[in-house]
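Encoded as structure tokens, the structure appears first; notes follow it.
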4 protein chains.
Amino acid sequence: MIIVARKGLTADELDNIRERVEALGLRTHISIGGTRTIIGCIGDEARLGHVSLLSIPGVDSVHPVMRPYKLAARDFAADRTSCVQVGNRTFGGEACLVAAGPCTVESERMMKATARAVAKQGATVLRGGAFKPRTSPYSFDGLKEEGLRILARVQDETGLPVVTEVLDPRDAALVAGHAEVLQIGARNMQNFSLLREVGQLHRPVLLKRGLAATLKEFLLAAEYVMSKGNMQVILCERGIRTFGAETRNTFDLAAIPWLKSETHLPVIADPSHAAGRRDLVAPLSFAAVAAGADGLIIEVHPDPGTALSDGDQSLDFKGFAQLMRDLKAFAAAAGRTV
Amino acid sequence: MIIVARKGLTADELDNIRERVEALGLRTHISIGGTRTIIGCIGDEARLGHVSLLSIPGVDSVHPVMRPYKLAARDFAADRTSCVQVGNRTFGGEACLVAAGPCTVESERMMKATARAVAKQGATVLRGGAFKPRTSPYSFDGLKEEGLRILARVQDETGLPVVTEVLDPRDAALVAGHAEVLQIGARNMQNFSLLREVGQLHRPVLLKRGLAATLKEFLLAAEYVMSKGNMQVILCERGIRTFGAETRNTFDLAAIPWLKSETHLPVIADPSHAAGRRDLVAPLSFAAVAAGADGLIIEVHPDPGTALSDGDQSLDFKGFAQLMRDLKAFAAAAGRTV
Amino acid sequence: MIIVARKGLTADELDNIRERVEALGLRTHISIGGTRTIIGCIGDEARLGHVSLLSIPGVDSVHPVMRPYKLAARDFAADRTSCVQVGNRTFGGEACLVAAGPCTVESERMMKATARAVAKQGATVLRGGAFKPRTSPYSFDGLKEEGLRILARVQDETGLPVVTEVLDPRDAALVAGHAEVLQIGARNMQNFSLLREVGQLHRPVLLKRGLAATLKEFLLAAEYVMSKGNMQVILCERGIRTFGAETRNTFDLAAIPWLKSETHLPVIADPSHAAGRRDLVAPLSFAAVAAGADGLIIEVHPDPGTALSDGDQSLDFKGFAQLMRDLKAFAAAAGRTV
Amino acid sequence: MIIVARKGLTADELDNIRERVEALGLRTHISIGGTRTIIGCIGDEARLGHVSLLSIPGVDSVHPVMRPYKLAARDFAADRTSCVQVGNRTFGGEACLVAAGPCTVESERMMKATARAVAKQGATVLRGGAFKPRTSPYSFDGLKEEGLRILARVQDETGLPVVTEVLDPRDAALVAGHAEVLQIGARNMQNFSLLREVGQLHRPVLLKRGLAATLKEFLLAAEYVMSKGNMQVILCERGIRTFGAETRNTFDLAAIPWLKSETHLPVIADPSHAAGRRDLVAPLSFAAVAAGADGLIIEVHPDPGTALSDGDQSLDFKGFAQLMRDLKAFAAAAGRTV
């Protein structure tokens, strides 16, 4: 932490600042310039975290210099990407993995049809929501336990591991009993009870970035899960909220290489929610892989026009097949396979 | 819902659109213009909510015309502001009510001192966090149950009703057992499990706007609570996240009169979190009341320089006393009392 | 400027950083901590402004510590608010001044009627656009020179000083020949040619904040004008662009007290453009004055329903009269007059 | 335009709305639903543009249905991409073209060295600023006319066409006399005087998206240039301003395919300004090409550590060579060449 003093700092004020910092167990290093005095605080920055340094008379501004996340930081894994095993495949390895499926589990029949169709095109994970967060209390919010049972049967039958969202800490174990991968949705990225709960399970967690979360907050959310012992976190950029009105969200493409440079965790992208429009899903997918993404999660529905949710952004089987064919060349250009 | 067709719509496409809409139980009204055909959908718009109208061939754009919230809408209360009773005072009445207290419950001693100090200046509710949401898993996250017990004792002893945050649906009943008012924080505005849980309790709910929530989403979050039977919702504007870097959040002042015109629920403001800086708390408070706020919630700490959280934005007792004195004239100008 | 070094900085890298900084005429102060080394740069920070410090091997992050504006900074005026004289009134004095009038000069008749109506209610400046910036090239963009001549005649006849926008540096002298106050619109806040041009005129400048401008960038835009010798700058907060969809812009109320604490220049607010809706203009006006604004600029039109632009946000004469009556109490509460 | 009436619309109000719309030369189509009446306005929507429909009693909301740009719309060019000729190459053809060079023209020597280096790697346009927009009036703002003369000589000598920014309408002809392509920077995207001025020149215009411009506003800015007769507009996505703090701007990748579907104009990307960090330039470049960009503009400097501006985001020659080598495979995957 670096403390910059106000112009005209008195000797008493400087002494007081120094004492306050040292009382917290840090050493100080004073640098008196022509116009400003600077107090370097040496030691464990976290000890200063809860203290109101700006309240100390004479303090003008405060600059943290350490990264607040430890387990999620790149250094922690000796600079390699961590591999998160899902079924017999790994996120973070050479291959870009693709999860695909409908927004919502609507029936066993549609899930099986979708599972077979997407697996045939190379998807290695099946997505589908049983518990659905909906902006309005009057919207359909999923088949819940019945949806989970459908997912479990499809997972068993097709061998395709399933990712599905958990919304409530009380449901975490139940969801983990039916699906291989637990998804934390964008709205719950800072639902700390839920993060801690999935941190205690031994299951891969697909963590989506919140709509208004900075990338540092995103990594701190991952840190919540990891600090409870579960290191199997996959990060997912899915678009942020900005003034932009032409797409559902603003796909923050640069988040992908930024995260890859800051953390050892695998990073994937959700082009469907970012775009909100079917015709933009393919170009966003290609771009994500070109920028270094370790995978994609894509909404696919047997008949998007009748989907119970997110039909506008879902691909049909034919559209998904085309995307997977075209994706190969971009993955190859990035030195990856699909 | 109004559907605008693409240029060059064929008669078959038009028939198909009409059939799809009518199959959902709505009537259609076709308006064929020189360049565009428009299909008005008459009936319950909610029935169209889950259908992907944009996927129907020939559809260019779709415009909802109804408000998605019902219970929270102004009409519902015959155009009056609903009064939410807290202790023996009411939010939404003639008086602007002020909740005040520290960010975090640190000890019984400081809570009692604060309760007495703020009550003396006219505050009618005591705030204080027992469960604290923290961006980092390594930050102090509150005294939890011990904090609740302190709040309950201070509430009993001073008669000042307490508002405190509930973070986890499993804790809702526990918190309701100790505090008069349940706060849903900004990060949990779309934690739908939690909203439903507090919707089943008979307690006033202080609902804070999410960092990236539109005002319609905010009202739909209130609708979640109300649709479970709990009509005692107080809305709180506390700043949104924008590119602005000079304040902690961007105080969306216009949200106050906008909400007052759209909903019958009482609306208050949290200038402390909006500003993030002690010196801006008073002007933001005056502005909120001038714009029609029904109350304020303000962070006050006996010694902000040593606060365990949010010290930079907390007033000391003297600062709070000054604010309350100055506030009276603004409330009077707005035809209110404090 | 403070330079924080990367973990594992070598002695050679440190020497190189020091040499590079000292070669620019600054002194350095090295502080070697347990995990990080910090290099304080002492002297004129501006000398480092154009150099890529992040490109120097071993540098992790760079933190400026000085304010980049000098003439606009509060210190410059020995902590007083500068008064900008407009006609025989002053912005920045005890009185909150109100500029009022239509978005666009439509005819001499309507301008005279408006001037008389707003003057009667206490407005001290008349607004009206002769050159209008329009998002579409096909929209009406003002009466231009004919509009200026109308403004000049109305100014002469009624004695009400006129504020009108200048869009092009080639028109600056022409506009100054007809109107008392030159307005720089939000879209031109960083049109540096235009800022320099009005900086060479001896006329008050009403500078509107850009839609996406930080407050520091806003003050630097004022600094452009001032650095050319024209100190008569009035700052105007008029809303910023965010994800918010319910109002035309997001009124950044906190900008008012923040600016008042950072600069000696007078600060006013434009509630009409911030809200974009007539019914929110009054509450936003009251709030701005409550937060310390030195004045307001409000759109008023004899018949908003027929206005050539911005009719939705314009008050009619009756609405303006009501606003001015109600405003008095808020100004009084703030220790001001209207 | 579709007008939705308020609940409880009276017959008189409906008649009045109809009369007002028809008086403007449009026909109306009334659709009376169970809860709402809808008035379709048939004819030239532009005629309604300046009228305050929301001011008419009984009107609740207004929905435009036409695109406001004509010449820039995809339809205008019969659905092909327009080719903009620059030197003997075309933007919008099969090849992705790359413009490269320093932020600022610093000397003839560095410009020649850079021109040769980037041409050797396949760049087909040289970039370099002679007039520089700077946030602070105290920053170096370019060599101006001397810079233009250097550019002209380097253009002549190397045969590499030059793109450089024009800031002031008074300089447009001068800049066009020295450089092949005129750049309109992000800050000037809505400097309508400047847009009209370059619209009258017969020169390709590289138009950068404003920091807070929606894509519709971006196309309307292009429409300004085109409506004056100059159809040679190249659009450039360069990042927008959001809450995101980890990159200089937020690269709106989805803007590329969205624009490609809405307009026939060529679309390129500026990864350097979007990222603000050298290490992110390559992944953003690959992503842009993968998403369908027709080209890139990249900052390259012989020695970024000594650059007079934007050194942090500039590649050196080696870095640029590597990027160009790696880019080929992504272009090939997109069915393009570099």
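Identifiers in this document derive from the order of the structure tokens: chains are assigned A, B, ..., residues are numbered from 1 separately in each chain, and ligands are numbered from 1 in order of occurrence.
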Quick one: which residues from chain A are at most 8 Å off chain D, using only C-alpha atoms, as a PyMOL selection string? chain A and resi 212+214-215+242-247+250-254+257-258+275+280+283-284+286-292+326+329-330+333-334
If chain A is fitted onto chain D by least squares over all C-alpha atoms, taken pair by pair in sequence order, what do its new coordinates look like as a tab-separated table (two decimals) with C-alpha atoms, in the first residue's frame?
chain	number	residue	atom	x	y	z
A	1	MET	CA	-43.67	4.80	-35.75
A	2	ILE	CA	-46.01	3.01	-33.38
A	3	ILE	CA	-47.81	4.95	-30.69
A	4	VAL	CA	-49.06	3.10	-27.64
A	5	ALA	CA	-51.83	4.92	-25.79
A	6	ARG	CA	-52.25	5.20	-22.04
A	7	LYS	CA	-54.81	3.05	-20.26
A	8	GLY	CA	-58.14	4.79	-20.21
A	9	LEU	CA	-57.62	6.73	-23.44
A	10	THR	CA	-60.68	8.78	-24.29
A	11	ALA	CA	-62.22	8.96	-27.74
A	12	ASP	CA	-61.30	12.65	-27.91
A	13	GLU	CA	-57.70	11.93	-27.10
A	14	LEU	CA	-57.58	9.28	-29.78
A	15	ASP	CA	-59.04	11.67	-32.33
A	16	ASN	CA	-56.50	14.28	-31.37
A	17	ILE	CA	-53.57	11.89	-31.70
A	18	ARG	CA	-54.80	10.79	-35.10
A	19	GLU	CA	-55.25	14.34	-36.30
A	20	ARG	CA	-51.81	15.35	-35.14
A	21	VAL	CA	-50.15	12.48	-36.96
A	22	GLU	CA	-52.18	12.90	-40.12
A	23	ALA	CA	-51.46	16.62	-40.18
A	24	LEU	CA	-47.84	15.64	-40.68
A	25	GLY	CA	-48.68	13.70	-43.82
A	26	LEU	CA	-48.84	10.15	-42.46
A	27	ARG	CA	-51.71	7.75	-42.40
A	28	THR	CA	-52.81	6.06	-39.18
A	29	HIS	CA	-54.04	2.62	-38.40
A	30	ILE	CA	-55.87	2.21	-35.11
A	31	SER	CA	-55.87	-1.07	-33.23
A	32	ILE	CA	-58.06	-1.15	-30.13
A	33	GLY	CA	-57.08	-3.92	-27.73
A	34	GLY	CA	-58.54	-5.07	-24.45
A	35	THR	CA	-56.19	-2.98	-22.36
A	36	ARG	CA	-54.43	-0.73	-24.83
A	37	THR	CA	-55.00	1.13	-28.04
A	38	ILE	CA	-52.22	1.21	-30.58
A	39	ILE	CA	-51.83	3.77	-33.35
A	40	GLY	CA	-49.65	2.72	-36.28
A	41	CYS	CA	-48.24	5.66	-38.24
A	42	ILE	CA	-47.79	4.80	-41.90
A	43	GLY	CA	-45.54	6.86	-44.15
A	44	ASP	CA	-42.29	8.75	-43.80
A	45	GLU	CA	-41.21	8.36	-40.19
A	46	ALA	CA	-38.71	11.19	-40.53
A	47	ARG	CA	-41.58	13.67	-40.59
A	48	LEU	CA	-42.38	12.71	-37.01
A	49	GLY	CA	-38.76	13.00	-35.91
A	50	HIS	CA	-38.90	16.51	-34.52
A	51	VAL	CA	-42.32	16.34	-32.99
A	52	SER	CA	-42.88	15.60	-29.34
A	53	LEU	CA	-45.38	12.78	-29.63
A	54	LEU	CA	-45.02	12.04	-25.92
A	55	SER	CA	-46.45	15.46	-25.21
A	56	ILE	CA	-49.77	14.62	-26.83
A	57	PRO	CA	-52.35	13.79	-24.15
A	58	GLY	CA	-53.05	10.08	-23.99
A	59	VAL	CA	-49.71	8.90	-25.41
A	60	ASP	CA	-47.83	6.39	-23.23
A	61	SER	CA	-44.89	5.30	-25.38
A	62	VAL	CA	-43.54	5.67	-28.90
A	63	HIS	CA	-41.63	3.03	-30.90
A	64	PRO	CA	-39.73	3.89	-34.08
A	65	VAL	CA	-39.65	1.05	-36.57
A	66	MET	CA	-37.43	2.35	-39.35
A	67	ARG	CA	-33.65	2.54	-39.51
A	68	PRO	CA	-32.60	6.20	-39.38
A	69	TYR	CA	-29.67	5.74	-41.78
A	70	LYS	CA	-30.27	5.23	-45.47
A	71	LEU	CA	-27.00	5.45	-47.42
A	72	ALA	CA	-25.09	3.45	-44.81
A	73	ALA	CA	-27.72	0.71	-44.60
A	74	ARG	CA	-26.90	-2.68	-46.10
A	75	ASP	CA	-29.81	-2.48	-48.53
A	76	PHE	CA	-28.35	0.58	-50.18
A	77	ALA	CA	-25.53	-1.41	-51.76
A	78	ALA	CA	-27.70	-4.35	-52.77
A	79	ASP	CA	-26.24	-6.39	-49.95
A	80	ARG	CA	-22.61	-6.33	-51.07
A	81	THR	CA	-19.72	-4.91	-49.07
A	82	SER	CA	-18.58	-1.63	-50.60
A	83	CYS	CA	-14.93	-1.56	-51.50
A	84	VAL	CA	-12.96	1.48	-50.46
A	85	GLN	CA	-9.85	1.89	-52.56
A	86	VAL	CA	-6.71	3.00	-50.71
A	87	GLY	CA	-3.66	3.19	-52.95
A	88	ASN	CA	-3.86	0.04	-55.05
A	89	ARG	CA	-5.57	-2.03	-52.39
A	90	THR	CA	-9.21	-2.18	-51.32
A	91	PHE	CA	-10.77	-2.30	-47.88
A	92	GLY	CA	-13.78	-4.56	-48.02
A	93	GLY	CA	-12.33	-7.04	-50.49
A	94	GLU	CA	-11.02	-10.54	-49.91
A	95	ALA	CA	-7.88	-9.41	-48.12
A	96	CYS	CA	-7.78	-8.12	-44.56
A	97	LEU	CA	-5.70	-4.97	-44.81
A	98	VAL	CA	-3.45	-3.80	-42.01
A	99	ALA	CA	-2.56	-0.17	-41.28
A	100	ALA	CA	0.40	0.18	-38.94
A	101	GLY	CA	2.65	2.84	-37.54
A	102	PRO	CA	3.27	5.02	-34.54
A	103	CYS	CA	0.71	7.00	-32.59
A	104	THR	CA	2.57	10.21	-33.35
A	105	VAL	CA	4.88	11.32	-36.15
A	106	GLU	CA	8.05	12.04	-34.20
A	107	SER	CA	10.60	12.47	-37.00
A	108	GLU	CA	11.11	11.65	-40.66
A	109	ARG	CA	13.74	9.08	-39.76
A	110	MET	CA	11.46	7.09	-37.47
A	111	MET	CA	8.58	7.27	-39.95
A	112	LYS	CA	10.69	5.94	-42.78
A	113	ALA	CA	12.11	3.17	-40.65
A	114	THR	CA	8.62	2.25	-39.50
A	115	ALA	CA	7.15	2.40	-42.99
A	116	ARG	CA	9.77	0.03	-44.33
A	117	ALA	CA	9.47	-2.33	-41.41
A	118	VAL	CA	5.69	-2.60	-41.48
A	119	ALA	CA	5.50	-2.79	-45.28
A	120	LYS	CA	7.94	-5.68	-45.22
A	121	GLN	CA	5.60	-7.56	-42.89
A	122	GLY	CA	2.60	-6.96	-45.10
A	123	ALA	CA	1.05	-3.72	-43.83
A	124	THR	CA	-0.53	-1.81	-46.69
A	125	VAL	CA	-1.19	1.52	-45.01
A	126	LEU	CA	1.03	3.64	-42.77
A	127	ARG	CA	-0.53	5.37	-39.76
A	128	GLY	CA	0.91	8.32	-37.84
A	129	GLY	CA	-0.55	11.38	-36.15
A	130	ALA	CA	0.48	14.92	-37.06
A	131	PHE	CA	-2.40	16.62	-35.21
A	132	LYS	CA	-2.92	14.82	-31.90
A	133	PRO	CA	-5.96	15.23	-29.65
A	134	ARG	CA	-4.70	15.20	-26.06
A	135	THR	CA	-6.77	15.13	-22.88
A	136	SER	CA	-4.52	17.72	-21.27
A	137	PRO	CA	-3.61	21.06	-22.88
A	138	TYR	CA	-0.09	20.56	-21.54
A	139	SER	CA	0.63	17.32	-23.45
A	140	PHE	CA	2.54	17.21	-26.72
A	141	ASP	CA	-0.03	17.55	-29.50
A	142	GLY	CA	1.93	16.64	-32.59
A	143	LEU	CA	4.25	18.20	-35.16
A	144	LYS	CA	1.23	19.50	-37.10
A	145	GLU	CA	2.15	20.82	-40.59
A	146	GLU	CA	5.72	19.63	-40.26
A	147	GLY	CA	4.31	16.21	-39.40
A	148	LEU	CA	2.10	16.30	-42.50
A	149	ARG	CA	5.09	17.13	-44.71
A	150	ILE	CA	6.98	14.19	-43.24
A	151	LEU	CA	4.04	11.92	-43.92
A	152	ALA	CA	3.76	13.13	-47.52
A	153	ARG	CA	7.44	12.51	-48.17
A	154	VAL	CA	7.31	9.04	-46.64
A	155	GLN	CA	4.17	8.26	-48.61
A	156	ASP	CA	5.87	9.36	-51.82
A	157	GLU	CA	9.09	7.56	-51.14
A	158	THR	CA	7.74	4.25	-49.91
A	159	GLY	CA	4.52	4.14	-51.92
A	160	LEU	CA	2.68	3.25	-48.73
A	161	PRO	CA	-0.54	5.28	-48.47
A	162	VAL	CA	-0.83	7.23	-45.24
A	163	VAL	CA	-3.75	7.61	-42.83
A	164	THR	CA	-3.64	10.54	-40.42
A	165	GLU	CA	-6.14	12.30	-38.21
A	166	VAL	CA	-7.86	15.58	-38.97
A	167	LEU	CA	-9.11	17.46	-35.91
A	168	ASP	CA	-10.36	20.76	-37.24
A	169	PRO	CA	-12.57	21.45	-40.27
A	170	ARG	CA	-10.16	24.24	-41.21
A	171	ASP	CA	-7.39	21.68	-41.66
A	172	ALA	CA	-9.30	19.13	-43.72
A	173	ALA	CA	-8.07	20.29	-47.13
A	174	LEU	CA	-4.52	20.67	-45.84
A	175	VAL	CA	-4.50	17.14	-44.46
A	176	ALA	CA	-6.04	15.82	-47.67
A	177	GLY	CA	-3.20	17.49	-49.55
A	178	HIS	CA	-0.65	15.37	-47.70
A	179	ALA	CA	-2.27	12.06	-46.82
A	180	GLU	CA	-4.31	9.53	-48.74
A	181	VAL	CA	-6.77	8.65	-45.97
A	182	LEU	CA	-8.39	11.06	-43.47
A	183	GLN	CA	-9.00	9.73	-40.00
A	184	ILE	CA	-11.83	11.03	-37.79
A	185	GLY	CA	-10.94	10.13	-34.23
A	186	ALA	CA	-13.25	8.76	-31.55
A	187	ARG	CA	-13.63	12.13	-29.82
A	188	ASN	CA	-14.79	13.70	-33.09
A	189	MET	CA	-17.25	11.04	-34.18
A	190	GLN	CA	-20.05	13.54	-33.57
A	191	ASN	CA	-18.15	16.67	-34.64
A	192	PHE	CA	-20.67	17.30	-37.34
A	193	SER	CA	-18.84	20.25	-38.92
A	194	LEU	CA	-15.82	18.06	-39.41
A	195	LEU	CA	-17.89	15.16	-40.77
A	196	ARG	CA	-19.54	17.44	-43.31
A	197	GLU	CA	-16.18	18.87	-44.31
A	198	VAL	CA	-14.58	15.52	-45.06
A	199	GLY	CA	-17.83	14.53	-46.75
A	200	GLN	CA	-17.02	17.12	-49.40
A	201	LEU	CA	-13.55	15.76	-50.14
A	202	HIS	CA	-12.90	12.86	-52.46
A	203	ARG	CA	-10.86	10.89	-50.04
A	204	PRO	CA	-11.30	7.70	-48.05
A	205	VAL	CA	-12.34	8.43	-44.47
A	206	LEU	CA	-11.41	6.18	-41.56
A	207	LEU	CA	-14.16	6.86	-39.02
A	208	LYS	CA	-13.56	5.71	-35.47
A	209	ARG	CA	-16.44	4.89	-33.15
A	210	GLY	CA	-16.93	7.31	-30.27
A	211	LEU	CA	-16.27	6.14	-26.72
A	212	ALA	CA	-19.93	6.24	-25.80
A	213	ALA	CA	-21.55	5.93	-29.21
A	214	THR	CA	-24.18	3.34	-29.92
A	215	LEU	CA	-23.77	1.51	-33.19
A	216	LYS	CA	-26.75	3.36	-34.61
A	217	GLU	CA	-25.11	6.69	-33.79
A	218	PHE	CA	-21.93	5.38	-35.40
A	219	LEU	CA	-23.77	4.64	-38.63
A	220	LEU	CA	-25.45	8.04	-38.51
A	221	ALA	CA	-22.02	9.65	-38.24
A	222	ALA	CA	-21.02	7.75	-41.40
A	223	GLU	CA	-24.29	8.93	-42.93
A	224	TYR	CA	-23.19	12.55	-42.32
A	225	VAL	CA	-20.11	11.98	-44.48
A	226	MET	CA	-22.01	10.03	-47.13
A	227	SER	CA	-24.87	12.51	-47.32
A	228	LYS	CA	-22.32	15.08	-48.53
A	229	GLY	CA	-21.31	12.82	-51.38
A	230	ASN	CA	-18.30	10.94	-50.06
A	231	MET	CA	-19.15	7.24	-49.95
A	232	GLN	CA	-15.64	6.04	-49.10
A	233	VAL	CA	-16.10	5.47	-45.38
A	234	ILE	CA	-14.26	2.78	-43.42
A	235	LEU	CA	-15.70	2.11	-39.96
A	236	CYS	CA	-13.38	1.33	-37.06
A	237	GLU	CA	-14.29	-0.26	-33.71
A	238	ARG	CA	-11.74	0.89	-31.13
A	239	GLY	CA	-13.27	0.12	-27.76
A	240	ILE	CA	-15.93	1.83	-25.71
A	241	ARG	CA	-15.99	3.26	-22.22
A	242	THR	CA	-17.50	1.05	-19.52
A	243	PHE	CA	-16.96	0.33	-15.84
A	244	GLY	CA	-14.16	-2.07	-16.83
A	245	ALA	CA	-10.86	-0.91	-15.40
A	246	GLU	CA	-8.45	-3.61	-16.48
A	247	THR	CA	-8.15	-2.49	-20.10
A	248	ARG	CA	-7.98	1.06	-21.46
A	249	ASN	CA	-11.31	0.62	-23.20
A	250	THR	CA	-13.74	-2.28	-23.59
A	251	PHE	CA	-13.28	-3.82	-27.02
A	252	ASP	CA	-16.82	-4.34	-28.34
A	253	LEU	CA	-16.03	-7.32	-30.52
A	254	ALA	CA	-19.66	-8.00	-31.36
A	255	ALA	CA	-19.83	-4.60	-33.01
A	256	ILE	CA	-17.86	-6.06	-35.92
A	257	PRO	CA	-20.36	-8.74	-37.04
A	258	TRP	CA	-23.29	-6.51	-36.07
A	259	LEU	CA	-22.01	-3.74	-38.32
A	260	LYS	CA	-21.23	-6.20	-41.09
A	261	SER	CA	-24.88	-7.28	-41.02
A	262	GLU	CA	-26.28	-3.74	-40.89
A	263	THR	CA	-24.11	-1.81	-43.32
A	264	HIS	CA	-22.25	-2.33	-46.58
A	265	LEU	CA	-19.28	-0.28	-45.40
A	266	PRO	CA	-15.96	-2.00	-44.59
A	267	VAL	CA	-15.33	-2.52	-40.88
A	268	ILE	CA	-11.91	-2.65	-39.25
A	269	ALA	CA	-10.66	-2.82	-35.66
A	270	ASP	CA	-8.08	-0.92	-33.61
A	271	PRO	CA	-6.86	-3.41	-31.00
A	272	SER	CA	-4.16	-1.04	-29.72
A	273	HIS	CA	-6.52	1.61	-28.37
A	274	ALA	CA	-9.05	-0.96	-27.24
A	275	ALA	CA	-6.52	-2.81	-25.09
A	276	GLY	CA	-4.11	-0.07	-24.09
A	277	ARG	CA	-1.63	-2.87	-23.36
A	278	ARG	CA	0.88	-4.30	-25.77
A	279	ASP	CA	0.40	-7.92	-24.69
A	280	LEU	CA	-3.29	-7.92	-25.59
A	281	VAL	CA	-2.88	-6.50	-29.10
A	282	ALA	CA	-2.25	-9.84	-30.80
A	283	PRO	CA	-5.18	-11.80	-29.29
A	284	LEU	CA	-7.54	-8.89	-30.02
A	285	SER	CA	-6.29	-8.74	-33.60
A	286	PHE	CA	-6.85	-12.45	-34.13
A	287	ALA	CA	-10.32	-12.17	-32.64
A	288	ALA	CA	-11.28	-9.22	-34.81
A	289	VAL	CA	-10.32	-11.04	-37.99
A	290	ALA	CA	-12.05	-14.20	-36.77
A	291	ALA	CA	-15.22	-12.15	-36.24
A	292	GLY	CA	-15.15	-10.84	-39.79
A	293	ALA	CA	-13.18	-7.60	-39.67
A	294	ASP	CA	-11.99	-6.29	-43.02
A	295	GLY	CA	-8.76	-5.03	-41.53
A	296	LEU	CA	-6.82	-3.72	-38.56
A	297	ILE	CA	-5.04	-0.56	-37.53
A	298	ILE	CA	-2.16	-1.25	-35.16
A	299	GLU	CA	0.30	0.97	-33.31
A	300	VAL	CA	3.93	0.09	-34.08
A	301	HIS	CA	6.94	2.08	-32.91
A	302	PRO	CA	10.67	1.47	-33.42
A	303	ASP	CA	11.24	1.79	-29.68
A	304	PRO	CA	7.97	1.87	-27.69
A	305	GLY	CA	9.77	2.69	-24.45
A	306	THR	CA	10.68	6.14	-25.80
A	307	ALA	CA	7.44	6.86	-27.71
A	308	LEU	CA	6.02	10.36	-27.24
A	309	SER	CA	2.55	8.87	-26.79
A	310	ASP	CA	0.81	5.52	-26.40
A	311	GLY	CA	4.07	3.63	-25.89
A	312	ASP	CA	2.37	1.16	-23.55
A	313	GLN	CA	0.19	-0.15	-26.33
A	314	SER	CA	2.68	0.00	-29.22
A	315	LEU	CA	4.36	-3.08	-30.67
A	316	ASP	CA	7.99	-2.98	-31.69
A	317	PHE	CA	8.98	-4.25	-35.14
A	318	LYS	CA	9.66	-7.74	-33.87
A	319	GLY	CA	6.31	-7.92	-32.11
A	320	PHE	CA	4.53	-6.69	-35.22
A	321	ALA	CA	6.31	-9.22	-37.41
A	322	GLN	CA	5.21	-12.01	-35.08
A	323	LEU	CA	1.63	-10.76	-35.09
A	324	MET	CA	1.52	-10.64	-38.89
A	325	ARG	CA	2.89	-14.16	-39.15
A	326	ASP	CA	0.36	-15.51	-36.68
A	327	LEU	CA	-2.51	-13.55	-38.21
A	328	LYS	CA	-2.33	-15.42	-41.52
A	329	ALA	CA	-3.85	-18.60	-40.14
A	330	PHE	CA	-6.78	-16.73	-38.58
A	331	ALA	CA	-7.42	-14.85	-41.82
A	332	ALA	CA	-7.32	-18.13	-43.72
A	333	ALA	CA	-9.81	-19.66	-41.27
A	334	ALA	CA	-12.09	-16.72	-42.05
A	335	GLY	CA	-11.66	-17.31	-45.79
A	336	ARG	CA	-9.47	-14.25	-46.16
A	337	THR	CA	-5.86	-13.36	-46.88
A	338	VAL	CA	-3.69	-10.85	-45.08
To test your reading of the structure, identify every residue in region 227-284 of chain B that backbone DSSP assigns to alpha helix (DSSP H), and report it as an MDAnalysis selection string. chainID B and resid 227 255:262 271:275 278:284
Looking only at strand (DSSP E or B) from DSSP on the backbone, list the matching residues of region 152-189 of chain D as a ChimeraX atom specification. /D:162-165,181-184
